[in-house]
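Novice: My structure is stored as query.cif, with mmCIF, C-alpha atoms.
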data_entry
loop_
_atom_site.group_PDB
_atom_site.id
_atom_site.type_symbol
_atom_site.label_atom_id
_atom_site.label_comp_id
_atom_site.auth_asym_id
_atom_site.auth_seq_id
_atom_site.Cartn_x
_atom_site.Cartn_y
_atom_site.Cartn_z
ATOM 1 C CA TYR A 1 106.641 101.865 111.686
ATOM 2 C CA LEU A 2 110.002 103.582 111.440
ATOM 3 C CA GLN A 3 109.220 104.512 107.825
ATOM 4 C CA TYR A 4 106.932 107.266 109.166
ATOM 5 C CA GLU A 5 109.580 108.969 111.306
ATOM 6 C CA TRP A 6 110.487 111.467 108.564
ATOM 7 C CA ILE A 7 106.966 112.921 108.814
ATOM 8 C CA SER A 8 107.759 114.087 112.354
ATOM 9 C CA LYS A 9 109.691 116.969 110.780
ATOM 10 C CA PHE A 10 106.352 118.428 109.698
ATOM 11 C CA GLN A 11 103.722 119.963 111.972
ATOM 12 C CA ILE A 12 100.665 117.951 110.971
ATOM 13 C CA ASN A 13 97.417 119.344 112.402
ATOM 14 C CA THR A 14 94.900 117.231 110.480
ATOM 15 C CA PHE A 15 95.266 113.623 109.348
ATOM 16 C CA ILE A 16 92.778 111.863 107.046
ATOM 17 C CA ASP A 17 93.185 108.084 106.951
ATOM 18 C CA ILE A 18 91.311 106.658 103.959
ATOM 19 C CA GLY A 19 91.267 102.882 104.074
ATOM 20 C CA ALA A 20 92.282 102.767 107.725
ATOM 21 C CA TYR A 21 91.775 98.991 108.125
ATOM 22 C CA ASP A 22 92.815 98.338 111.769
ATOM 23 C CA GLY A 23 93.822 101.948 112.461
ATOM 24 C CA THR A 24 97.545 101.286 112.849
ATOM 25 C CA ILE A 25 98.635 104.313 110.827
ATOM 26 C CA SER A 26 96.158 106.579 112.620
ATOM 27 C CA GLN A 27 97.612 105.298 115.860
ATOM 28 C CA VAL A 28 101.144 106.148 114.683
ATOM 29 C CA ILE A 29 100.122 109.678 113.654
ATOM 30 C CA ASN A 30 98.262 110.164 116.938
ATOM 31 C CA TYR A 31 101.462 109.215 118.800
ATOM 32 C CA MET A 32 103.601 111.567 116.689
ATOM 33 C CA PHE A 33 101.105 114.446 116.698
ATOM 34 C CA PRO A 34 98.876 114.049 119.799
ATOM 35 C CA LYS A 35 97.107 117.383 119.167
ATOM 36 C CA ALA A 36 96.232 116.591 115.553
ATOM 37 C CA THR A 37 92.626 115.968 114.506
ATOM 38 C CA ILE A 38 92.286 112.515 112.908
ATOM 39 C CA PHE A 39 89.543 111.173 110.636
ATOM 40 C CA ALA A 40 89.657 107.433 109.826
ATOM 41 C CA PHE A 41 87.485 105.874 107.090
ATOM 42 C CA GLU A 42 87.087 102.082 106.939
ATOM 43 C CA PRO A 43 84.101 100.293 105.319
ATOM 44 C CA ILE A 44 84.698 96.971 107.134
ATOM 45 C CA LYS A 45 82.279 97.664 109.986
ATOM 46 C CA GLN A 46 83.788 95.335 112.576
ATOM 47 C CA LYS A 47 87.030 97.303 112.344
ATOM 48 C CA LYS A 48 85.458 100.526 113.643
ATOM 49 C CA ASN A 49 85.341 99.452 117.295
ATOM 50 C CA LEU A 50 88.887 98.086 117.039
ATOM 51 C CA ILE A 51 90.163 101.404 115.689
ATOM 52 C CA LYS A 52 88.314 103.379 118.370
ATOM 53 C CA SER A 53 89.701 101.150 121.126
ATOM 54 C CA GLN A 54 93.260 101.861 120.010
ATOM 55 C CA ILE A 55 93.013 105.644 119.905
ATOM 56 C CA LYS A 56 91.732 107.411 123.008
ATOM 57 C CA SER A 57 91.537 111.000 121.838
ATOM 58 C CA SER A 58 88.779 113.580 121.690
ATOM 59 C CA ASN A 59 90.283 114.682 118.368
ATOM 60 C CA PHE A 60 89.700 111.292 116.731
ATOM 61 C CA LYS A 61 86.694 110.201 114.641
ATOM 62 C CA ALA A 62 86.213 106.811 112.957
ATOM 63 C CA GLU A 63 83.692 106.350 110.150
ATOM 64 C CA SER A 64 82.445 102.982 108.866
ATOM 65 C CA LEU A 65 81.773 104.334 105.403
ATOM 66 C CA ALA A 66 83.786 104.601 102.235
ATOM 67 C CA LEU A 67 84.848 107.450 99.973
ATOM 68 C CA SER A 68 84.353 107.645 96.209
ATOM 69 C CA ASP A 69 83.303 110.122 93.499
ATOM 70 C CA HIS A 70 79.581 110.133 94.316
ATOM 71 C CA ILE A 71 77.125 109.770 97.205
ATOM 72 C CA GLY A 72 75.052 106.617 97.715
ATOM 73 C CA SER A 73 76.023 102.974 98.237
ATOM 74 C CA ARG A 74 78.133 100.353 96.495
ATOM 75 C CA ASN A 75 78.844 96.663 96.964
ATOM 76 C CA PHE A 76 82.028 96.031 98.923
ATOM 77 C CA HIS A 77 83.932 92.761 98.522
ATOM 78 C CA GLU A 78 85.564 91.348 101.633
ATOM 79 C CA TYR A 79 88.455 89.018 100.799
ATOM 80 C CA ASN A 80 89.866 85.999 102.626
ATOM 81 C CA TYR A 81 92.886 88.259 103.174
ATOM 82 C CA PRO A 82 91.024 91.248 104.716
ATOM 83 C CA PRO A 83 93.618 93.991 103.955
ATOM 84 C CA ALA A 84 93.046 93.331 100.227
ATOM 85 C CA SER A 85 89.266 93.894 100.494
ATOM 86 C CA SER A 86 87.964 96.302 97.885
ATOM 87 C CA PHE A 87 85.056 97.564 95.834
ATOM 88 C CA LEU A 88 86.787 95.746 92.967
ATOM 89 C CA LYS A 89 86.806 91.978 92.440
ATOM 90 C CA PRO A 90 90.172 90.234 91.984
ATOM 91 C CA ASP A 91 91.460 89.242 88.564
ATOM 92 C CA HIS A 92 92.120 85.524 89.040
ATOM 93 C CA LYS A 93 94.684 85.544 86.249
ATOM 94 C CA ILE A 94 96.828 87.593 88.649
ATOM 95 C CA PHE A 95 95.694 86.386 92.069
ATOM 96 C CA LYS A 96 95.146 82.737 91.034
ATOM 97 C CA LYS A 97 93.318 80.958 93.880
ATOM 98 C CA ASN A 98 95.251 82.568 96.730
ATOM 99 C CA ILE A 99 92.989 85.605 97.085
ATOM 100 C CA TYR A 100 89.215 85.409 96.736
ATOM 101 C CA VAL A 101 86.003 87.115 97.858
ATOM 102 C CA THR A 102 84.377 85.637 100.965
ATOM 103 C CA LYS A 103 81.367 87.956 101.175
ATOM 104 C CA THR A 104 79.848 90.978 99.474
ATOM 105 C CA TYR A 105 77.632 93.629 101.049
ATOM 106 C CA PRO A 106 76.560 97.226 100.359
ATOM 107 C CA VAL A 107 78.306 100.077 102.158
ATOM 108 C CA LYS A 108 77.520 103.770 102.267
ATOM 109 C CA ILE A 109 79.781 106.015 100.227
ATOM 110 C CA THR A 110 80.330 109.738 100.096
ATOM 111 C CA THR A 111 82.939 112.118 98.708
ATOM 112 C CA LEU A 112 85.757 113.982 100.406
ATOM 113 C CA ASP A 113 84.238 117.288 99.334
ATOM 114 C CA ARG A 114 80.795 116.395 100.693
ATOM 115 C CA TYR A 115 82.064 115.039 104.023
ATOM 116 C CA PHE A 116 84.454 117.901 104.728
ATOM 117 C CA GLY A 117 82.491 120.612 102.917
ATOM 118 C CA LYS A 118 81.358 122.414 106.090
ATOM 119 C CA LYS A 119 84.257 121.395 108.343
ATOM 120 C CA LYS A 120 87.086 123.786 109.142
ATOM 121 C CA LEU A 121 90.338 121.839 109.010
ATOM 122 C CA GLU A 122 93.537 123.129 110.528
ATOM 123 C CA LYS A 123 96.507 122.999 108.175
ATOM 124 C CA PRO A 124 98.883 121.392 107.360
ATOM 125 C CA ILE A 125 96.704 118.466 106.282
ATOM 126 C CA PHE A 126 98.126 114.976 105.650
ATOM 127 C CA VAL A 127 96.136 112.356 103.712
ATOM 128 C CA LYS A 128 96.917 108.620 103.615
ATOM 129 C CA MET A 129 94.998 106.712 100.966
ATOM 130 C CA ASP A 130 94.916 102.932 100.486
ATOM 131 C CA THR A 131 91.680 101.574 99.009
ATOM 132 C CA GLU A 132 92.950 98.771 96.788
ATOM 133 C CA GLY A 133 92.463 100.327 93.371
ATOM 134 C CA THR A 134 89.756 102.998 93.729
ATOM 135 C CA GLU A 135 91.982 105.903 94.783
ATOM 136 C CA ASN A 136 91.322 107.742 91.504
ATOM 137 C CA LEU A 137 87.599 107.945 92.340
ATOM 138 C CA ILE A 138 88.373 109.447 95.742
ATOM 139 C CA ILE A 139 90.598 112.067 94.134
ATOM 140 C CA ARG A 140 87.832 112.902 91.648
ATOM 141 C CA GLY A 141 85.385 113.418 94.511
ATOM 142 C CA GLY A 142 87.810 115.482 96.576
ATOM 143 C CA GLN A 143 89.050 118.219 94.265
ATOM 144 C CA LYS A 144 88.258 121.079 96.676
ATOM 145 C CA LEU A 145 89.555 119.354 99.793
ATOM 146 C CA LEU A 146 92.786 118.186 98.152
ATOM 147 C CA LYS A 147 93.650 121.765 97.202
ATOM 148 C CA GLN A 148 94.097 122.374 100.948
ATOM 149 C CA VAL A 149 96.246 119.281 101.528
ATOM 150 C CA SER A 150 100.036 119.488 101.899
ATOM 151 C CA LEU A 151 101.073 115.825 101.944
ATOM 152 C CA ILE A 152 99.615 112.627 100.460
ATOM 153 C CA ILE A 153 100.871 109.071 100.858
ATOM 154 C CA ILE A 154 98.892 106.877 98.512
ATOM 155 C CA GLU A 155 99.133 103.247 97.470
ATOM 156 C CA THR A 156 99.660 103.082 93.708
ATOM 157 C CA GLY A 157 99.779 99.993 91.513
ATOM 158 C CA PHE A 158 101.885 99.073 88.497
ATOM 159 C CA VAL A 159 100.079 95.812 87.739
ATOM 160 C CA LYS A 160 96.324 95.685 87.132
ATOM 161 C CA SER A 161 95.157 92.915 89.477
ATOM 162 C CA ARG A 162 91.497 93.991 89.532
ATOM 163 C CA LYS A 163 89.051 95.071 86.839
ATOM 164 C CA ASN A 164 88.764 98.886 86.629
ATOM 165 C CA GLN A 165 91.713 99.333 89.018
ATOM 166 C CA CYS A 166 93.601 102.607 88.718
ATOM 167 C CA LEU A 167 97.382 102.525 88.275
ATOM 168 C CA PHE A 168 100.311 104.752 89.198
ATOM 169 C CA GLU A 169 100.082 106.792 85.981
ATOM 170 C CA ASP A 170 96.420 107.651 86.693
ATOM 171 C CA ILE A 171 97.229 108.868 90.210
ATOM 172 C CA TYR A 172 100.321 110.764 89.067
ATOM 173 C CA LYS A 173 98.364 112.588 86.358
ATOM 174 C CA ASN A 174 95.492 113.542 88.670
ATOM 175 C CA LEU A 175 97.617 114.714 91.607
ATOM 176 C CA THR A 176 100.137 116.713 89.569
ATOM 177 C CA LYS A 177 97.170 118.578 88.065
ATOM 178 C CA LEU A 178 96.261 119.574 91.632
ATOM 179 C CA GLY A 179 99.737 121.005 92.236
ATOM 180 C CA PHE A 180 101.439 118.023 93.868
ATOM 181 C CA THR A 181 104.961 116.822 93.114
ATOM 182 C CA TYR A 182 105.910 113.150 93.187
ATOM 183 C CA LYS A 183 108.705 112.621 95.728
ATOM 184 C CA GLY A 184 109.282 108.884 95.384
ATOM 185 C CA LYS A 185 108.069 105.985 97.465
ATOM 186 C CA MET A 186 107.957 105.135 101.143
ATOM 187 C CA LEU A 187 109.385 101.691 101.771
ATOM 188 C CA ASP A 188 107.475 99.017 103.648
ATOM 189 C CA SER A 189 109.192 97.453 106.643
ATOM 190 C CA ASN A 190 109.819 94.033 105.107
ATOM 191 C CA PHE A 191 111.955 91.555 107.040
ATOM 192 C CA TYR A 192 113.635 90.525 103.802
ATOM 193 C CA PRO A 193 114.396 93.233 101.208
ATOM 194 C CA ILE A 194 112.538 92.992 97.910
ATOM 195 C CA PHE A 195 114.537 93.638 94.768
ATOM 196 C CA GLY A 196 113.302 94.223 91.226
ATOM 197 C CA PRO A 197 110.063 95.729 89.859
ATOM 198 C CA MET A 198 107.256 96.196 92.377
ATOM 199 C CA ALA A 199 103.571 95.489 91.819
ATOM 200 C CA HIS A 200 102.674 98.506 93.954
ATOM 201 C CA GLU A 201 104.216 101.166 96.193
ATOM 202 C CA ASN A 202 103.301 103.800 98.761
ATOM 203 C CA SER A 203 103.821 106.936 96.707
ATOM 204 C CA ILE A 204 104.641 110.291 98.310
ATOM 205 C CA PHE A 205 103.121 113.457 96.834
ATOM 206 C CA ILE A 206 103.865 116.877 98.331
ATOM 207 C CA LYS A 207 102.171 120.149 97.389
ATOM 208 C CA LYS A 208 104.557 122.446 95.523
ATOM 209 C CA GLY A 209 106.088 125.100 97.759
ATOM 210 C CA VAL A 210 104.124 124.128 100.866
ATOM 211 C CA LEU A 211 106.754 121.984 102.550
ATOM 212 C CA SER A 212 109.815 123.355 100.754
ATOM 213 C CA ASN A 213 111.675 123.637 104.051
ATOM 214 C CA TYR A 214 111.970 119.850 104.000
ATOM 215 C CA LEU A 215 111.812 118.788 100.341
#
Would you write out, as structure tokens, the structure that this file holds?

Specialist:
Amino acid sequence: YLQYEWISKFQINTFIDIGAYDGTISQVINYMFPKATIFAFEPIKQKKNLIKSQIKSSNFKAESLALSDHIGSRNFHEYNYPPASSFLKPDHKIFKKNIYVTKTYPVKITTLDRYFGKKKLEKPIFVKMDTEGTENLIIRGGQKLLKQVSLIIIETGFVKSRKNQCLFEDIYKNLTKLGFTYKGKMLDSNFYPIFGPMAHENSIFIKKGVLSNYL
């Protein structure tokens, strides 16, 4: 994960991993910033123990719940390709028969503002968000928390592959309203380079003036 090396120039004290999956990115941040407090959210329950086994730190907390714009529960769709699992069902005109739902079950959901409402977080705060199309709901439910955040890396889409999926323009509009500036994309570590238009990217948003010593 060499694409994360540039973040080492910052002093990250709190990391919030939304859509942690197997905890790889939390593990990278824990290695780079061993004193940072890390919160990892992943609704696929069997992944919680895997994440916890990879990160042995008293400053780490894994939650098998999801984030959205309200508190309650919602049906989660687990796909045959687990990293694509989402609250949203696939559009088979885009995915064809390659990606499909294998099981659906309810998961608990809360909001960023509710979960962190009474917690004192040490700044700078870095948020990674990858929830396969529901990132706009998380932003809506985290208006207060996101005002404290310095850096966001968020998966954004340019092709609507799921019904009610948010796209790059939705994320851009919502985050710039909160004082963030779009700083381009962070490349994936593909063995073969991909040229031409992308269906999605990992977009970098940095709070205006907060990290001006770097960007």

Novice: May I have the residues within 12 Å of Thr24 (chain A) as a list in words, using all atoms listed in the file and disregarding those fewer than 3 positions away in the same chain?

Specialist: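 Surrounding residues, per the criterion: Tyr1, Tyr4, Asp17, Gly19, Ala20, Tyr21, Gln27, Val28, Ile29, Asn30, Tyr31, Ala40, Lys47, Leu50, Ile51, Lys52, Ser53, Gln54, Ile55 and Lys128 of chain A.
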
Novice: Which polymer residues, protein or nucleic acid, are no farther than 8 Å from (94.9, 104.2, 99.9), counting all atoms listed in the file, as a PDB file with C-alpha atoms, in the coordinates of the input?

Specialist:
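In the end it all went to out_30.pdb:
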ATOM      1  CA  ILE A  18      91.311 106.658 103.959  1.00  0.00           C
ATOM      2  CA  GLY A  19      91.267 102.882 104.074  1.00  0.00           C
ATOM      3  CA  LYS A 128      96.917 108.620 103.615  1.00  0.00           C
ATOM      4  CA  MET A 129      94.998 106.712 100.966  1.00  0.00           C
ATOM      5  CA  ASP A 130      94.916 102.932 100.486  1.00  0.00           C
ATOM      6  CA  THR A 131      91.680 101.574  99.009  1.00  0.00           C
ATOM      7  CA  GLU A 132      92.950  98.771  96.788  1.00  0.00           C
ATOM      8  CA  GLY A 133      92.463 100.327  93.371  1.00  0.00           C
ATOM      9  CA  GLU A 135      91.982 105.903  94.783  1.00  0.00           C
ATOM     10  CA  ILE A 153     100.871 109.071 100.858  1.00  0.00           C
ATOM     11  CA  ILE A 154      98.892 106.877  98.512  1.00  0.00           C
ATOM     12  CA  GLU A 155      99.133 103.247  97.470  1.00  0.00           C
ATOM     13  CA  THR A 156      99.660 103.082  93.708  1.00  0.00           C
TER      14      THR A 156
END

Novice: As a list of chain:residue names, please: the residues near region 94-109 of chain A (cut-off 9 Å, all atoms listed in the file, same-chain neighbours under 4 positions excluded).

Specialist: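 So the residues in contact are A:Pro43, A:Ile44, A:Ser64, A:Leu65, A:Ala66, A:Leu67, A:Ser68, A:Asp69, A:His70, A:Ile71, A:Gly72, A:Ser73, A:Arg74, A:Asn75, A:Phe76, A:His77, A:Glu78, A:Tyr79, A:Asn80, A:Tyr81, A:Ala84, A:Ser85, A:Lys89, A:Pro90, A:Val159, A:Lys160, A:Ser161, A:Arg162.
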
Novice: Counting all atoms listed in the file, figure out which residue out of A:Phe116, A:Phe158, A:Trp6, A:Phe41 gets nearest to Ile204 (chain A).

Specialist: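 Under the stated criterion, the closest residue is A:Trp6.
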
Novice: Work out how far CA of Ala199 (chain A) is from CA of Leu112 (chain A), in Å to one decimal.

Specialist: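 Distance reported for this atom pair: 27.1 Å.
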